$ cat coords30.pdb   # PDB, C-alpha atoms
ATOM      1  CA  MET U 124       0.000   0.000   0.000
ATOM      2  CA  ALA U 125       1.169   3.525  -0.771
ATOM      3  CA  GLU U 126       1.737   5.998   2.048
ATOM      4  CA  ILE U 127      -0.378   9.064   1.322
ATOM      5  CA  PRO U 128       0.740  12.265   3.099
ATOM      6  CA  ALA U 129      -1.575  14.581   5.000
ATOM      7  CA  GLY U 130      -3.070  17.456   3.034
ATOM      8  CA  ASN U 131      -6.342  18.924   1.823
ATOM      9  CA  VAL U 132      -8.562  18.685  -1.211
ATOM     10  CA  PHE U 133     -11.421  20.707  -2.660
ATOM     11  CA  LEU U 134     -14.407  18.581  -3.693
ATOM     12  CA  ARG U 135     -17.012  19.806  -6.153
ATOM     13  CA  ASP U 136     -20.515  18.637  -6.977
ATOM     14  CA  GLU U 137     -21.259  19.515 -10.588
ATOM     15  CA  GLY U 138     -25.009  19.240 -10.138
ATOM     16  CA  THR U 139     -25.285  21.783  -7.337
ATOM     17  CA  ARG U 140     -22.010  23.572  -8.195
ATOM     18  CA  ALA U 141     -21.089  23.391  -4.517
ATOM     19  CA  THR U 142     -17.404  23.252  -3.546
ATOM     20  CA  TRP U 143     -16.036  22.300  -0.143
ATOM     21  CA  LYS U 144     -12.621  21.836   1.407
ATOM     22  CA  VAL U 145     -11.629  18.666   3.291
ATOM     23  CA  GLU U 146      -8.495  18.386   5.420
ATOM     24  CA  LEU U 147      -6.968  14.908   5.599
ATOM     25  CA  GLY U 148      -4.494  13.154   7.829
ATOM     26  CA  ALA U 149      -1.975  10.694   6.425
ATOM     27  CA  PHE U 150      -3.369   7.318   5.354
ATOM     28  CA  ARG U 151      -2.507   4.324   3.192
ATOM     29  CA  LEU U 152      -4.118   3.358  -0.083
ATOM     30  CA  ALA U 153      -3.659   0.227  -2.187
ATOM     31  CA  SER U 154      -1.694   0.903  -5.344
ATOM     32  CA  ARG U 155      -4.284  -0.959  -7.418
ATOM     33  CA  PRO U 156      -7.919  -2.080  -7.180
ATOM     34  CA  VAL U 157      -8.815  -5.397  -5.547
ATOM     35  CA  THR U 158      -8.393  -8.084  -8.202
ATOM     36  CA  ARG U 159     -10.515 -11.140  -8.853
ATOM     37  CA  GLU U 160      -7.743 -13.415  -7.627
ATOM     38  CA  LEU U 161      -7.364 -11.525  -4.340
ATOM     39  CA  TYR U 162     -11.102 -11.423  -3.808
ATOM     40  CA  ARG U 163     -11.361 -15.175  -4.406
ATOM     41  CA  ALA U 164      -8.412 -15.927  -2.116
ATOM     42  CA  VAL U 165      -9.970 -14.006   0.771
ATOM     43  CA  ALA U 166     -13.707 -14.555   0.262
ATOM     44  CA  GLY U 167     -13.546 -18.099  -1.154
ATOM     45  CA  GLU U 168     -15.139 -17.189  -4.454
ATOM     46  CA  ALA U 169     -15.437 -14.223  -6.786
ATOM     47  CA  PRO U 170     -18.386 -13.104  -8.915
ATOM     48  CA  ALA U 171     -18.559 -14.908 -12.247
ATOM     49  CA  SER U 172     -16.924 -13.016 -15.110
ATOM     50  CA  PRO U 173     -15.124 -13.728 -18.385
ATOM     51  CA  ALA U 174     -12.390 -11.290 -17.275
ATOM     52  CA  GLY U 175      -9.059 -12.656 -16.105
ATOM     53  CA  PRO U 176      -7.853 -13.153 -12.513
ATOM     54  CA  ARG U 177      -5.741  -9.987 -12.443
ATOM     55  CA  THR U 178      -8.521  -7.698 -13.609
ATOM     56  CA  PRO U 179     -10.355  -5.658 -10.974
ATOM     57  CA  VAL U 180     -13.149  -7.568  -9.294
ATOM     58  CA  THR U 181     -16.585  -6.289 -10.320
ATOM     59  CA  GLU U 182     -20.208  -7.230  -9.638
ATOM     60  CA  VAL U 183     -19.549  -6.376  -5.989
ATOM     61  CA  SER U 184     -21.907  -4.143  -4.040
ATOM     62  CA  TRP U 185     -20.849  -1.529  -1.519
ATOM     63  CA  LYS U 186     -21.941  -3.936   1.202
ATOM     64  CA  ASP U 187     -19.857  -6.744  -0.382
ATOM     65  CA  ALA U 188     -16.834  -4.438  -0.333
ATOM     66  CA  VAL U 189     -17.338  -3.603   3.345
ATOM     67  CA  LEU U 190     -17.602  -7.290   4.258
ATOM     68  CA  PHE U 191     -14.456  -8.058   2.234
ATOM     69  CA  CYS U 192     -12.550  -5.401   4.155
ATOM     70  CA  ASN U 193     -13.506  -7.095   7.416
ATOM     71  CA  LEU U 194     -12.601 -10.555   6.091
ATOM     72  CA  LEU U 195      -9.162  -9.408   4.979
ATOM     73  CA  SER U 196      -8.574  -7.578   8.263
ATOM     74  CA  ARG U 197      -9.330 -10.725  10.272
ATOM     75  CA  ALA U 198      -7.241 -12.886   7.924
ATOM     76  CA  THR U 199      -4.216 -10.636   8.460
ATOM     77  CA  GLY U 200      -4.619 -10.200  12.226
ATOM     78  CA  LEU U 201      -5.948  -6.641  12.109
ATOM     79  CA  ASP U 202      -8.936  -5.166  13.907
ATOM     80  CA  PRO U 203     -11.929  -4.950  11.518
ATOM     81  CA  CYS U 204     -13.110  -1.422  10.824
ATOM     82  CA  TYR U 205     -16.803  -2.137  10.361
ATOM     83  CA  THR U 206     -19.751  -3.477  12.284
ATOM     84  CA  THR U 207     -22.650  -4.516  10.062
ATOM     85  CA  GLY U 208     -26.297  -5.487  10.388
ATOM     86  CA  ASP U 209     -29.244  -6.545   8.271
ATOM     87  CA  ASP U 210     -30.404  -3.187   6.910
ATOM     88  CA  PRO U 211     -30.638  -3.608   3.112
ATOM     89  CA  ASP U 212     -29.764   0.065   2.730
ATOM     90  CA  GLY U 213     -26.550  -0.344   4.717
ATOM     91  CA  ARG U 214     -27.430   2.418   7.154
ATOM     92  CA  ASP U 215     -26.450   0.193  10.082
ATOM     93  CA  VAL U 216     -22.828  -0.149   8.876
ATOM     94  CA  VAL U 217     -20.637   1.706  11.362
ATOM     95  CA  ARG U 218     -16.940   2.428  10.966
ATOM     96  CA  ASP U 219     -14.634   2.246  13.981
ATOM     97  CA  GLU U 220     -12.161   5.023  13.208
ATOM     98  CA  ALA U 221      -9.714   3.704  15.786
ATOM     99  CA  ALA U 222      -9.456   0.282  14.110
ATOM    100  CA  GLY U 223      -6.332  -0.442  12.085
ATOM    101  CA  GLY U 224      -7.813  -2.826   9.557
ATOM    102  CA  TYR U 225      -8.758  -2.460   5.916
ATOM    103  CA  ARG U 226     -11.529  -0.132   4.844
ATOM    104  CA  LEU U 227     -12.910   1.803   1.902
ATOM    105  CA  PRO U 228     -11.382   5.227   1.279
ATOM    106  CA  THR U 229     -13.506   8.266   1.891
ATOM    107  CA  GLU U 230     -14.448  10.247  -1.166
ATOM    108  CA  ALA U 231     -12.040  13.013  -0.157
ATOM    109  CA  GLU U 232      -9.199  10.531   0.379
ATOM    110  CA  TRP U 233      -9.908   9.011  -3.016
ATOM    111  CA  GLU U 234      -9.775  12.288  -4.952
ATOM    112  CA  TYR U 235      -6.786  13.591  -3.008
ATOM    113  CA  ALA U 236      -4.847  10.382  -3.708
ATOM    114  CA  CYS U 237      -5.954  10.340  -7.340
ATOM    115  CA  ARG U 238      -4.695  13.856  -7.930
ATOM    116  CA  ALA U 239      -1.349  13.173  -6.204
ATOM    117  CA  GLY U 240      -0.574  16.863  -6.060
ATOM    118  CA  SER U 241      -1.897  17.680  -9.535
ATOM    119  CA  SER U 242      -4.674  20.176 -10.169
ATOM    120  CA  GLY U 243      -5.795  19.334 -13.690
ATOM    121  CA  VAL U 244      -8.659  17.239 -14.980
ATOM    122  CA  ARG U 245      -6.439  14.140 -14.665
ATOM    123  CA  TYR U 246      -2.960  13.309 -13.412
ATOM    124  CA  GLY U 247      -1.696  12.529 -16.916
ATOM    125  CA  GLU U 248      -2.641  11.974 -20.548
ATOM    126  CA  LEU U 249      -5.758   9.801 -20.660
ATOM    127  CA  ASP U 250      -4.418   7.225 -23.134
ATOM    128  CA  GLU U 251      -1.319   6.735 -21.002
ATOM    129  CA  ILE U 252      -2.938   6.411 -17.566
ATOM    130  CA  ALA U 253      -6.316   4.782 -18.183
ATOM    131  CA  TRP U 254      -8.326   2.105 -19.902
ATOM    132  CA  TYR U 255     -11.437   3.882 -21.170
ATOM    133  CA  ARG U 256     -13.853   3.654 -24.083
ATOM    134  CA  GLY U 257     -11.300   4.996 -26.551
ATOM    135  CA  ASN U 258      -8.638   2.320 -25.997
ATOM    136  CA  SER U 259     -10.053  -0.549 -23.912
ATOM    137  CA  GLY U 260     -11.622  -2.589 -26.692
ATOM    138  CA  ASP U 261     -14.781  -2.609 -24.555
ATOM    139  CA  ARG U 262     -13.277  -4.912 -21.940
ATOM    140  CA  LEU U 263     -11.562  -4.742 -18.568
ATOM    141  CA  HIS U 264      -7.779  -5.053 -18.408
ATOM    142  CA  ASP U 265      -5.288  -6.367 -15.868
ATOM    143  CA  VAL U 266      -4.493  -3.891 -13.117
ATOM    144  CA  ALA U 267      -1.328  -1.783 -13.233
ATOM    145  CA  THR U 268      -0.924  -1.947 -17.010
ATOM    146  CA  ARG U 269      -1.250   1.822 -17.513
ATOM    147  CA  ALA U 270       1.041   4.516 -16.080
ATOM    148  CA  PRO U 271       0.674   5.297 -12.347
ATOM    149  CA  ASN U 272       0.257   8.739 -10.824
ATOM    150  CA  ALA U 273       3.024  10.553  -8.955
ATOM    151  CA  TRP U 274       2.284   8.597  -5.760
ATOM    152  CA  GLY U 275       2.524   5.191  -7.443
ATOM    153  CA  LEU U 276      -1.205   4.530  -7.710
ATOM    154  CA  TYR U 277      -2.494   2.659 -10.765
ATOM    155  CA  ASP U 278      -5.951   2.687 -12.371
ATOM    156  CA  MET U 279      -7.279   5.584 -10.330
ATOM    157  CA  ILE U 280      -8.765   6.723 -13.623
ATOM    158  CA  GLY U 281     -10.468   4.170 -15.881
ATOM    159  CA  ASN U 282     -10.734   0.355 -15.892
ATOM    160  CA  VAL U 283     -13.406   0.270 -13.132
ATOM    161  CA  TRP U 284     -15.287   2.707 -10.958
ATOM    162  CA  GLU U 285     -14.427   2.370  -7.250
ATOM    163  CA  TRP U 286     -16.777   2.444  -4.271
ATOM    164  CA  CYS U 287     -16.041   5.001  -1.557
ATOM    165  CA  TRP U 288     -17.299   5.066   2.023
ATOM    166  CA  ASP U 289     -19.426   8.214   1.782
ATOM    167  CA  LEU U 290     -23.106   8.803   1.358
ATOM    168  CA  TYR U 291     -23.634  10.908  -1.772
ATOM    169  CA  ASP U 292     -26.340  13.287  -0.530
ATOM    170  CA  PRO U 293     -28.556  11.667   2.125
ATOM    171  CA  GLY U 294     -31.078  14.494   2.069
ATOM    172  CA  VAL U 295     -31.797  13.870  -1.615
ATOM    173  CA  TYR U 296     -30.615  10.332  -2.444
ATOM    174  CA  GLY U 297     -31.015   8.571   0.892
ATOM    175  CA  PRO U 298     -28.602   5.619   1.284
ATOM    176  CA  TYR U 299     -26.846   6.027  -2.081
ATOM    177  CA  ARG U 300     -23.038   5.767  -1.831
ATOM    178  CA  VAL U 301     -20.352   7.473  -3.888
ATOM    179  CA  PHE U 302     -18.151   5.819  -6.488
ATOM    180  CA  ARG U 303     -15.282   7.404  -8.397
ATOM    181  CA  GLY U 304     -12.822   7.077 -11.252
ATOM    182  CA  GLY U 305     -14.531   6.074 -14.494
ATOM    183  CA  SER U 306     -14.300   2.736 -16.284
ATOM    184  CA  ALA U 307     -13.185   0.951 -19.420
ATOM    185  CA  TYR U 308     -16.637   1.620 -20.899
ATOM    186  CA  ASP U 309     -16.754   5.362 -20.242
ATOM    187  CA  PRO U 310     -15.972   8.316 -22.518
ATOM    188  CA  PRO U 311     -13.345  10.836 -21.395
ATOM    189  CA  ARG U 312     -15.908  12.936 -19.513
ATOM    190  CA  GLY U 313     -16.466  10.081 -17.033
ATOM    191  CA  CYS U 314     -12.741   9.624 -16.489
ATOM    192  CA  ARG U 315     -11.817  12.689 -14.471
ATOM    193  CA  ALA U 316     -10.433  13.115 -10.968
ATOM    194  CA  SER U 317     -13.479  15.143  -9.901
ATOM    195  CA  CYS U 318     -16.226  13.025 -11.486
ATOM    196  CA  ARG U 319     -18.734  11.797  -8.854
ATOM    197  CA  ARG U 320     -21.378   9.112  -9.292
ATOM    198  CA  LYS U 321     -23.633   7.261  -6.898
ATOM    199  CA  SER U 322     -25.952   4.312  -6.487
ATOM    200  CA  HIS U 323     -27.708   2.146  -3.947
ATOM    201  CA  PRO U 324     -25.262   0.150  -1.766
ATOM    202  CA  THR U 325     -26.675  -3.136  -3.134
ATOM    203  CA  LEU U 326     -25.796  -2.297  -6.758
ATOM    204  CA  ARG U 327     -23.679  -4.882  -8.551
ATOM    205  CA  ILE U 328     -22.502  -4.055 -12.067
ATOM    206  CA  ASP U 329     -19.742  -5.092 -14.465
ATOM    207  CA  ASP U 330     -17.584  -1.949 -14.220
ATOM    208  CA  LEU U 331     -17.663  -1.144 -10.500
ATOM    209  CA  GLY U 332     -15.126  -2.446  -7.975
ATOM    210  CA  PHE U 333     -13.133  -1.027  -5.064
ATOM    211  CA  ARG U 334      -9.702  -0.409  -3.597
ATOM    212  CA  LEU U 335      -8.466  -0.789  -0.032
ATOM    213  CA  ALA U 336      -7.417   1.893   2.418
ATOM    214  CA  ARG U 337      -5.971   1.862   5.936
ATOM    215  CA  SER U 338      -5.574   4.597   8.488
ATOM    216  CA  SER U 339      -1.986   5.462   9.413
TER     217      SER U 339
END
$ encode --input "coords30.pdb" --output "structure tokens"
Amino acid sequence: MAEIPAGNVFLRDEGTRATWKVELGAFRLASRPVTRELYRAVAGEAPASPAGPRTPVTEVSWKDAVLFCNLLSRATGLDPCYTTGDDPDGRDVVRDEAAGGYRLPTEAEWEYACRAGSSGVRYGELDEIAWYRGNSGDRLHDVATRAPNAWGLYDMIGNVWEWCWDLYDPGVYGPYRVFRGGSAYDPPRGCRASCRRKSHPTLRIDDLGFRLARSS
């Protein structure tokens, strides 16, 4: 996992045109999304897909990702970050911020790490850093086969969208959670550091996965 230094990031919602600043402490973020082979090794099985073992795992809901984080934490002797219940909307999932195990990044952590000190639309030329509609051949690719950002993080843009911890806008969208990054099926507009999307925490789809974080 990459060590991400403390700093701050400005988030923007394009729909409301609201901008807000978030200050962040240091944290760790996996250099690549969770792959199918890692998911299978930890969870016992991975969702069915024609994609190869080193492609990002997809067809995983936000709740699946949370449970995987806890499984991996226990398997590696770390304190799990989440307590979970039976609420189909995931509103009973609680994060223990003092726990040292694996977790989903917050939306602010995700964008801050994606930018890696850059301030542009992306951290590099799209064809060099990402698998997207223009070069993917309409399929997912193995992780870490495009150029990383300045902090050594691969596939932050393109290949698959990535679940984040945050609720998108609970006053409007209820339990919907944020995902970031764009996918192999998206045009350039979807593959930007600031692009925000959301869905219900039970959504499973073929271009949405996740990446692991840990608190420092």
$ closest_atom_pairs --input "coords30.pdb" --of "range 155-267 of chain U" --to "range 329-335 of chain U" --cutoff "8 Å" --atoms "only C-alpha atoms" --output "tab-separated table"
residue	atom	partner	partner_atom	distance
U:Arg155	CA	U:Arg334	CA	6.7
U:Pro156	CA	U:Arg334	CA	4.3
U:Val157	CA	U:Arg334	CA	5.4
U:Pro179	CA	U:Gly332	CA	6.5
U:Val180	CA	U:Gly332	CA	5.6
U:Thr181	CA	U:Gly332	CA	4.7
U:Glu182	CA	U:Asp329	CA	5.3
U:Val183	CA	U:Gly332	CA	6.2
U:Ala188	CA	U:Phe333	CA	6.9
U:Cys192	CA	U:Leu335	CA	7.4
U:Tyr225	CA	U:Leu335	CA	6.2
U:Arg226	CA	U:Leu335	CA	5.8
U:Leu227	CA	U:Leu335	CA	5.5
U:Pro228	CA	U:Leu335	CA	6.8
U:Leu263	CA	U:Asp330	CA	7.9
$ closest_residue --input "coords30.pdb" --among "U:Gly208, U:Gly281, U:Pro203, U:Gly305" --to "Phe191 in chain U" --atoms "all atoms listed in the file"
U:Pro203
$ resolve_selection --input "coords30.pdb" --expression "the PyMOL selection byres ((chain U and resi 163) around 12)" --output "list in words"
Val157, Thr158, Arg159, Glu160, Leu161, Tyr162, Ala164, Val165, Ala166, Gly167, Glu168, Ala169, Pro170, Ala171, Pro176, Arg177, Pro179, Val180, Thr181, Phe191, Leu194 and Leu195 of chain U
$ resolve_selection --input "coords30.pdb" --expression "the PyMOL selection byres ((chain U and resi 230) around 8)" --output "list in words"
Pro228, Thr229, Ala231, Glu232, Trp233, Glu234, Cys287, Trp288, Asp289, Val301, Phe302 and Arg303 of chain U
$ resolve_selection --input "coords30.pdb" --expression "the PyMOL selection byres ((chain U and resi 211) around 12)" --output "ChimeraX atom specification"
/U:184-187,207-210,212-216,298-299,323-326
$ closest_residue --input "coords30.pdb" --among "U:Ser172, U:Ser322, U:Thr178, U:Thr142" --to "Tyr296 in chain U" --atoms "all atoms listed in the file"
U:Ser322
$ atom_distance --input "coords30.pdb" --atom1 "CA of Asp292 in chain U" --atom2 "CA of Cys237 in chain U"
21.7 Å
$ closest_residue --input "coords30.pdb" --among "U:Gly275, U:Pro128, U:Gly224, U:Gly260" --to "Tyr246 in chain U" --atoms "all atoms listed in the file"
U:Gly275
$ atom_distance --input "coords30.pdb" --atom1 "CA of Asn282 in chain U" --atom2 "CA of Leu249 in chain U"
11.7 Å
$ atom_distance --input "coords30.pdb" --atom1 "CA of Tyr308 in chain U" --atom2 "CA of Ser259 in chain U"
7.6 Å
$ closest_residue --input "coords30.pdb" --among "U:Ser241, U:Asn258, U:Ser306, U:Ser196" --to "Ala222 in chain U" --atoms "only C-alpha atoms"
U:Ser196
$ closest_residue --input "coords30.pdb" --among "U:Arg327, U:Arg135, U:Arg315, U:Arg337" --to "Met279 in chain U" --atoms "all atoms listed in the file"
U:Arg315
$ build_atoms --input "coords30.pdb" --residues "range 185-196 of chain U" --atoms "all heavy atoms" --output "CSV table (one decimal), in the frame of the given file"
chain,number,residue,atom,x,y,z
U,185,TRP,N,-21.5,-2.3,-2.6
U,185,TRP,CA,-20.8,-1.5,-1.5
U,185,TRP,C,-20.8,-2.4,-0.3
U,185,TRP,O,-19.8,-2.5,0.4
U,185,TRP,CB,-21.6,-0.2,-1.3
U,185,TRP,CG,-21.0,0.6,-0.2
U,185,TRP,CD1,-20.0,1.6,-0.3
U,185,TRP,CD2,-21.4,0.7,1.2
U,185,TRP,NE1,-19.7,2.2,0.9
U,185,TRP,CE2,-20.6,1.6,1.8
U,185,TRP,CE3,-22.3,0.0,1.9
U,185,TRP,CZ2,-20.7,1.9,3.2
U,185,TRP,CZ3,-22.4,0.3,3.3
U,185,TRP,CH2,-21.6,1.2,3.9
U,186,LYS,N,-21.9,-3.1,0.0
U,186,LYS,CA,-21.9,-3.9,1.2
U,186,LYS,C,-21.0,-5.1,1.1
U,186,LYS,O,-20.3,-5.5,2.0
U,186,LYS,CB,-23.4,-4.4,1.4
U,186,LYS,CG,-24.3,-3.3,1.8
U,186,LYS,CD,-25.7,-3.8,2.1
U,186,LYS,CE,-25.8,-4.5,3.5
U,186,LYS,NZ,-27.1,-5.0,3.8
U,187,ASP,N,-20.8,-5.7,-0.1
U,187,ASP,CA,-19.9,-6.7,-0.4
U,187,ASP,C,-18.4,-6.2,-0.1
U,187,ASP,O,-17.6,-6.9,0.5
U,187,ASP,CB,-19.9,-7.2,-1.8
U,187,ASP,CG,-21.2,-7.9,-2.2
U,187,ASP,OD1,-21.8,-8.5,-1.3
U,187,ASP,OD2,-21.5,-7.9,-3.4
U,188,ALA,N,-18.2,-5.0,-0.5
U,188,ALA,CA,-16.8,-4.4,-0.3
U,188,ALA,C,-16.5,-4.2,1.1
U,188,ALA,O,-15.4,-4.5,1.6
U,188,ALA,CB,-16.7,-3.1,-1.1
U,189,VAL,N,-17.5,-3.8,1.9
U,189,VAL,CA,-17.3,-3.6,3.3
U,189,VAL,C,-17.0,-4.9,4.0
U,189,VAL,O,-16.1,-5.1,4.9
U,189,VAL,CB,-18.6,-2.9,3.9
U,189,VAL,CG1,-18.6,-3.1,5.5
U,189,VAL,CG2,-18.6,-1.5,3.6
U,190,LEU,N,-17.8,-6.0,3.7
U,190,LEU,CA,-17.6,-7.3,4.3
U,190,LEU,C,-16.2,-7.8,3.9
U,190,LEU,O,-15.6,-8.5,4.7
U,190,LEU,CB,-18.7,-8.2,3.8
U,190,LEU,CG,-20.1,-7.9,4.4
U,190,LEU,CD1,-21.2,-8.8,3.7
U,190,LEU,CD2,-20.2,-8.1,5.9
U,191,PHE,N,-15.8,-7.6,2.6
U,191,PHE,CA,-14.5,-8.1,2.2
U,191,PHE,C,-13.4,-7.4,3.1
U,191,PHE,O,-12.4,-8.0,3.5
U,191,PHE,CB,-14.2,-7.7,0.8
U,191,PHE,CG,-12.9,-8.2,0.3
U,191,PHE,CD1,-12.6,-9.4,-0.2
U,191,PHE,CD2,-11.8,-7.3,0.3
U,191,PHE,CE1,-11.4,-9.8,-0.7
U,191,PHE,CE2,-10.5,-7.6,-0.1
U,191,PHE,CZ,-10.3,-8.9,-0.6
U,192,CYS,N,-13.5,-6.1,3.3
U,192,CYS,CA,-12.6,-5.4,4.2
U,192,CYS,C,-12.4,-6.1,5.5
U,192,CYS,O,-11.3,-6.3,6.0
U,192,CYS,CB,-13.0,-3.9,4.3
U,192,CYS,SG,-12.8,-2.9,2.9
U,193,ASN,N,-13.5,-6.4,6.1
U,193,ASN,CA,-13.5,-7.1,7.4
U,193,ASN,C,-12.9,-8.5,7.3
U,193,ASN,O,-12.1,-8.9,8.2
U,193,ASN,CB,-14.9,-7.2,8.0
U,193,ASN,CG,-15.4,-6.0,8.7
U,193,ASN,OD1,-14.7,-5.0,8.8
U,193,ASN,ND2,-16.6,-6.0,9.1
U,194,LEU,N,-13.2,-9.2,6.3
U,194,LEU,CA,-12.6,-10.6,6.1
U,194,LEU,C,-11.1,-10.5,6.0
U,194,LEU,O,-10.4,-11.2,6.6
U,194,LEU,CB,-13.2,-11.2,4.8
U,194,LEU,CG,-14.6,-11.8,4.9
U,194,LEU,CD1,-15.0,-12.3,3.5
U,194,LEU,CD2,-14.6,-13.0,5.9
U,195,LEU,N,-10.6,-9.5,5.2
U,195,LEU,CA,-9.2,-9.4,5.0
U,195,LEU,C,-8.5,-8.9,6.3
U,195,LEU,O,-7.4,-9.4,6.6
U,195,LEU,CB,-8.9,-8.4,3.8
U,195,LEU,CG,-7.4,-8.3,3.5
U,195,LEU,CD1,-6.7,-9.6,3.1
U,195,LEU,CD2,-7.2,-7.3,2.3
U,196,SER,N,-9.1,-8.0,7.0
U,196,SER,CA,-8.6,-7.6,8.3
U,196,SER,C,-8.4,-8.8,9.2
U,196,SER,O,-7.3,-8.9,9.8
U,196,SER,CB,-9.5,-6.5,8.9
U,196,SER,OG,-9.5,-5.4,8.1
